Amino acid sequence: MFDPTPYLPQLLVAWTAYLIATASPGPAILAIITTSVSEGRKAGLALALGVLTGSYTWAMLTASGLSALIRAYGHAIIVLKIAGACYLFWLAYNALRAAMRSDRSEIVAVAKAQTSLKRLYLKGLGIHLTNPKAIFSWIMLVSLGMPEGAPVGVTAIFIGGCMVLGLITFCGFALVFSLSPVHRAYLKSKRLIESLMAGFFAFAGLKLLTSRL
């Protein structure tokens with residue numbers, strides 16, 4: 001029977017790195033926060049589950065040998081990089097449009113309008129799948145948590161632990177920022193929040209486009 005005990009020190013280091021990376025502010029976390037604040041708990045959770053699915057997808061691909069494919073088809077990362085930047089620019093545009101709505105009644109109407117849960121899920125999935133940095137983060141995490149020659153059971157335990165941590169983190173942000181006091185504060189400062197989000201997404205897109213991966 002497989003004994004994971006010898007691998008626990010490395011797994012704990014990798015899980016800690018994953019938790020820090022997951023909870024750090026980025027496009028996915030900020031999208032979860034603003035969606036939860038503006039559209040409520042269900043909307044935030046739907047987007048969070050989309051992000052988690054994207055993370056799980058990259059985890060499985062990386063564990064299956066994605067790093068070797070990246071070395072063989074490096075130009076594909078450039079395409080993904082451009083696609084990710086364009087997606088972030090699109091999110092910035094939408095946030096800027098929301099910020100430009102100044103009429104109070106329109107603000108309340110927009111805040112109450114519910115985007116379909118399916119669209120929110122796909123939005124979260126798109127944010128993570130079009131972020132090539134997520135690929136390299138998983139390559140780093142897999143190298144930390146899965147030493148060369150480790151049995152398949154280590155892979156399952158490592159990815160399973162990461163998914164539990166991701167679920168707690170992403171959904172935790174959605175639950176906290178969907179609370180009524182936070183929602184009321186959002187309505188009072190919607191223009192400022194959406195403007196900051198537009199600026200952040202535009203900055204993240206530009207940085208992704210110009211950075212070396």
# chains A, B, ... in the order shown; residues from 1 in each chain; ligands from 1
call {"tool": "residues_around", "arguments": {"residues": "Thr35 (chain A)", "least_positions_apart": "4", "cutoff": "6 Å", "atoms": "only C-alpha atoms", "output": "ChimeraX atom specification"}}
result
/A:31,39,44
call {"tool": "residues_around", "arguments": {"residues": "region 194-199 of chain A", "least_positions_apart": "2", "cutoff": "8 Å", "atoms": "only C-alpha atoms", "output": "PDB file with N, CA, C and O atoms, in the first residue's frame"}}
result
ATOM      1  N   LEU A  30      -9.545  39.533  -7.779  1.00  0.00           N
ATOM      2  CA  LEU A  30     -10.255  40.811  -7.856  1.00  0.00           C
ATOM      3  C   LEU A  30     -11.573  40.679  -8.624  1.00  0.00           C
ATOM      4  O   LEU A  30     -12.552  41.351  -8.307  1.00  0.00           O
ATOM      5  N   LEU A  91     -12.030  42.960 -20.084  1.00  0.00           N
ATOM      6  CA  LEU A  91     -12.560  43.135 -18.727  1.00  0.00           C
ATOM      7  C   LEU A  91     -12.395  44.583 -18.265  1.00  0.00           C
ATOM      8  O   LEU A  91     -13.271  45.139 -17.590  1.00  0.00           O
ATOM      9  N   ALA A  92     -11.277  45.199 -18.616  1.00  0.00           N
ATOM     10  CA  ALA A  92     -11.045  46.607 -18.264  1.00  0.00           C
ATOM     11  C   ALA A  92     -12.072  47.509 -18.935  1.00  0.00           C
ATOM     12  O   ALA A  92     -12.606  48.440 -18.315  1.00  0.00           O
ATOM     13  N   TYR A  93     -12.372  47.221 -20.186  1.00  0.00           N
ATOM     14  CA  TYR A  93     -13.362  48.003 -20.924  1.00  0.00           C
ATOM     15  C   TYR A  93     -14.740  47.903 -20.273  1.00  0.00           C
ATOM     16  O   TYR A  93     -15.432  48.902 -20.093  1.00  0.00           O
ATOM     17  N   ASN A  94     -15.127  46.684 -19.895  1.00  0.00           N
ATOM     18  CA  ASN A  94     -16.426  46.496 -19.252  1.00  0.00           C
ATOM     19  C   ASN A  94     -16.494  47.204 -17.899  1.00  0.00           C
ATOM     20  O   ASN A  94     -17.521  47.792 -17.544  1.00  0.00           O
ATOM     21  N   ALA A  95     -15.403  47.143 -17.143  1.00  0.00           N
ATOM     22  CA  ALA A  95     -15.374  47.825 -15.849  1.00  0.00           C
ATOM     23  C   ALA A  95     -15.446  49.338 -16.031  1.00  0.00           C
ATOM     24  O   ALA A  95     -16.121  50.041 -15.263  1.00  0.00           O
ATOM     25  N   LEU A  96     -14.787  49.846 -17.065  1.00  0.00           N
ATOM     26  CA  LEU A  96     -14.827  51.288 -17.325  1.00  0.00           C
ATOM     27  C   LEU A  96     -16.232  51.721 -17.726  1.00  0.00           C
ATOM     28  O   LEU A  96     -16.713  52.787 -17.298  1.00  0.00           O
ATOM     29  N   ALA A  98     -18.985  50.349 -16.759  1.00  0.00           N
ATOM     30  CA  ALA A  98     -19.778  50.345 -15.534  1.00  0.00           C
ATOM     31  C   ALA A  98     -19.490  51.582 -14.699  1.00  0.00           C
ATOM     32  O   ALA A  98     -20.388  52.163 -14.080  1.00  0.00           O
ATOM     33  N   ALA A  99     -18.226  52.002 -14.667  1.00  0.00           N
ATOM     34  CA  ALA A  99     -17.852  53.180 -13.884  1.00  0.00           C
ATOM     35  C   ALA A  99     -18.434  54.462 -14.457  1.00  0.00           C
ATOM     36  O   ALA A  99     -18.694  55.422 -13.713  1.00  0.00           O
ATOM     37  N   LYS A 190     -19.412  52.840  -6.041  1.00  0.00           N
ATOM     38  CA  LYS A 190     -19.336  51.980  -7.221  1.00  0.00           C
ATOM     39  C   LYS A 190     -18.412  52.556  -8.290  1.00  0.00           C
ATOM     40  O   LYS A 190     -17.606  51.841  -8.872  1.00  0.00           O
ATOM     41  N   ARG A 191     -18.557  53.845  -8.570  1.00  0.00           N
ATOM     42  CA  ARG A 191     -17.748  54.443  -9.645  1.00  0.00           C
ATOM     43  C   ARG A 191     -16.257  54.310  -9.347  1.00  0.00           C
ATOM     44  O   ARG A 191     -15.470  53.943 -10.233  1.00  0.00           O
ATOM     45  N   LEU A 192     -15.855  54.587  -8.111  1.00  0.00           N
ATOM     46  CA  LEU A 192     -14.439  54.494  -7.746  1.00  0.00           C
ATOM     47  C   LEU A 192     -13.943  53.063  -7.861  1.00  0.00           C
ATOM     48  O   LEU A 192     -12.871  52.802  -8.427  1.00  0.00           O
ATOM     49  N   PHE A 201      -7.170  45.891 -14.461  1.00  0.00           N
ATOM     50  CA  PHE A 201      -7.219  44.931 -15.558  1.00  0.00           C
ATOM     51  C   PHE A 201      -6.395  45.420 -16.752  1.00  0.00           C
ATOM     52  O   PHE A 201      -5.722  44.625 -17.421  1.00  0.00           O
ATOM     53  N   ALA A 202      -6.450  46.728 -17.021  1.00  0.00           N
ATOM     54  CA  ALA A 202      -5.656  47.271 -18.120  1.00  0.00           C
ATOM     55  C   ALA A 202      -4.164  47.126 -17.825  1.00  0.00           C
ATOM     56  O   ALA A 202      -3.375  46.743 -18.700  1.00  0.00           O
ATOM     57  N   PHE A 203      -3.777  47.420 -16.575  1.00  0.00           N
ATOM     58  CA  PHE A 203      -2.373  47.287 -16.175  1.00  0.00           C
ATOM     59  C   PHE A 203      -1.920  45.835 -16.258  1.00  0.00           C
ATOM     60  O   PHE A 203      -0.827  45.534 -16.751  1.00  0.00           O
TER      61      PHE A 203
END
call {"tool": "closest_residue", "arguments": {"among": "A:Val154, A:Leu11, A:Ala83, A:Leu167", "to": "Leu49 (chain A)", "atoms": "only C-alpha atoms"}}
result
A:Leu167
call {"tool": "residues_around", "arguments": {"residues": "Ala17 (chain A)", "least_positions_apart": "2", "cutoff": "10 Å", "atoms": "only C-alpha atoms", "output": "PDB file with C-alpha atoms, in the first residue's frame"}}
result
ATOM      1  CA  LEU A  11       3.907  18.475  -0.135  1.00  0.00           C
ATOM      2  CA  LEU A  12       3.535  20.928   2.754  1.00  0.00           C
ATOM      3  CA  VAL A  13       5.982  23.343   1.110  1.00  0.00           C
ATOM      4  CA  ALA A  14       4.151  23.096  -2.210  1.00  0.00           C
ATOM      5  CA  TRP A  15       0.720  23.519  -0.601  1.00  0.00           C
ATOM      6  CA  LEU A  19      -2.044  28.979  -0.869  1.00  0.00           C
ATOM      7  CA  ILE A  20       0.084  32.121  -0.933  1.00  0.00           C
ATOM      8  CA  ALA A  21      -0.133  32.361  -4.723  1.00  0.00           C
ATOM      9  CA  THR A  22      -3.882  31.717  -4.718  1.00  0.00           C
ATOM     10  CA  SER A 137       3.128  28.608 -11.514  1.00  0.00           C
ATOM     11  CA  MET A 140       6.925  25.369 -10.232  1.00  0.00           C
ATOM     12  CA  LEU A 141       4.409  23.861  -7.793  1.00  0.00           C
ATOM     13  CA  LEU A 144       8.085  21.356  -5.443  1.00  0.00           C
ATOM     14  CA  GLY A 145       5.419  18.828  -4.510  1.00  0.00           C
ATOM     15  CA  CYS A 162      -4.375  22.141  -3.892  1.00  0.00           C
TER      16      CYS A 162
END
call {"tool": "select_by_dssp", "arguments": {"residues": "region 87-187 of chain A", "states": "alpha helix (DSSP H)", "output": "PyMOL selection string"}}
result
chain A and resi 87-100+104-112+117-129+132-145+152-176+180-187
call {"tool": "residues_around", "arguments": {"residues": "region 56-65 of chain A", "least_positions_apart": "5", "cutoff": "8 Å", "atoms": "only C-alpha atoms", "output": "list of chain:residue names"}}
result
A:Leu129, A:Ala134, A:Ile135, A:Trp138, A:Ile139, A:Val142, A:Thr155, A:Ile159, A:Met163
call {"tool": "residues_around", "arguments": {"residues": "Lys123 (chain A)", "least_positions_apart": "3", "cutoff": "8 Å", "atoms": "only C-alpha atoms", "output": "ChimeraX atom specification"}}
result
/A:47,50,119-120,126-127
call {"tool": "decode", "arguments": {"residues": "region 44-66 of chain A", "atoms": "N, CA and C atoms", "output": "tab-separated table (two decimals), in the first residue's frame"}}
result
chain	number	residue	atom	x	y	z
A	44	GLY	N	-20.78	35.37	-7.21
A	44	GLY	CA	-19.38	35.26	-6.82
A	44	GLY	C	-18.91	33.82	-6.76
A	45	LEU	N	-19.76	32.94	-6.25
A	45	LEU	CA	-19.40	31.52	-6.17
A	45	LEU	C	-19.30	30.89	-7.55
A	46	ALA	N	-20.19	31.29	-8.46
A	46	ALA	CA	-20.14	30.75	-9.82
A	46	ALA	C	-18.83	31.13	-10.50
A	47	LEU	N	-18.43	32.39	-10.35
A	47	LEU	CA	-17.17	32.83	-10.94
A	47	LEU	C	-15.99	32.14	-10.27
A	48	ALA	N	-16.06	31.98	-8.94
A	48	ALA	CA	-14.99	31.32	-8.20
A	48	ALA	C	-14.81	29.87	-8.66
A	49	LEU	N	-15.92	29.18	-8.90
A	49	LEU	CA	-15.83	27.79	-9.37
A	49	LEU	C	-15.25	27.71	-10.77
A	50	GLY	N	-15.51	28.73	-11.59
A	50	GLY	CA	-14.89	28.78	-12.91
A	50	GLY	C	-13.39	28.94	-12.82
A	51	VAL	N	-12.95	29.81	-11.92
A	51	VAL	CA	-11.51	30.00	-11.69
A	51	VAL	C	-10.89	28.70	-11.19
A	52	LEU	N	-11.56	28.04	-10.25
A	52	LEU	CA	-11.04	26.78	-9.70
A	52	LEU	C	-10.94	25.72	-10.79
A	53	THR	N	-11.92	25.66	-11.68
A	53	THR	CA	-11.87	24.69	-12.78
A	53	THR	C	-10.68	24.97	-13.68
A	54	GLY	N	-10.43	26.26	-13.96
A	54	GLY	CA	-9.27	26.61	-14.77
A	54	GLY	C	-7.97	26.20	-14.10
A	55	SER	N	-7.90	26.41	-12.79
A	55	SER	CA	-6.71	26.02	-12.04
A	55	SER	C	-6.52	24.50	-12.07
A	56	TYR	N	-7.61	23.78	-11.89
A	56	TYR	CA	-7.55	22.31	-11.91
A	56	TYR	C	-7.13	21.80	-13.29
A	57	THR	N	-7.61	22.48	-14.34
A	57	THR	CA	-7.24	22.08	-15.70
A	57	THR	C	-5.74	22.21	-15.92
A	58	TRP	N	-5.16	23.37	-15.52
A	58	TRP	CA	-3.73	23.54	-15.68
A	58	TRP	C	-2.96	22.56	-14.81
A	59	ALA	N	-3.49	22.26	-13.62
A	59	ALA	CA	-2.82	21.30	-12.74
A	59	ALA	C	-2.73	19.93	-13.39
A	60	MET	N	-3.83	19.47	-13.97
A	60	MET	CA	-3.85	18.15	-14.59
A	60	MET	C	-2.95	18.11	-15.83
A	61	LEU	N	-2.98	19.18	-16.62
A	61	LEU	CA	-2.14	19.21	-17.82
A	61	LEU	C	-0.66	19.23	-17.45
A	62	THR	N	-0.33	20.00	-16.42
A	62	THR	CA	1.06	20.08	-15.99
A	62	THR	C	1.54	18.73	-15.46
A	63	ALA	N	0.72	18.11	-14.64
A	63	ALA	CA	1.08	16.79	-14.09
A	63	ALA	C	1.19	15.75	-15.19
A	64	SER	N	0.52	15.99	-16.31
A	64	SER	CA	0.54	15.03	-17.42
A	64	SER	C	1.68	15.27	-18.39
A	65	GLY	N	2.53	16.23	-18.09
A	65	GLY	CA	3.69	16.48	-18.94
A	65	GLY	C	3.60	17.73	-19.80
A	66	LEU	N	2.85	18.74	-19.33
A	66	LEU	CA	2.70	19.95	-20.11
A	66	LEU	C	4.03	20.68	-20.31
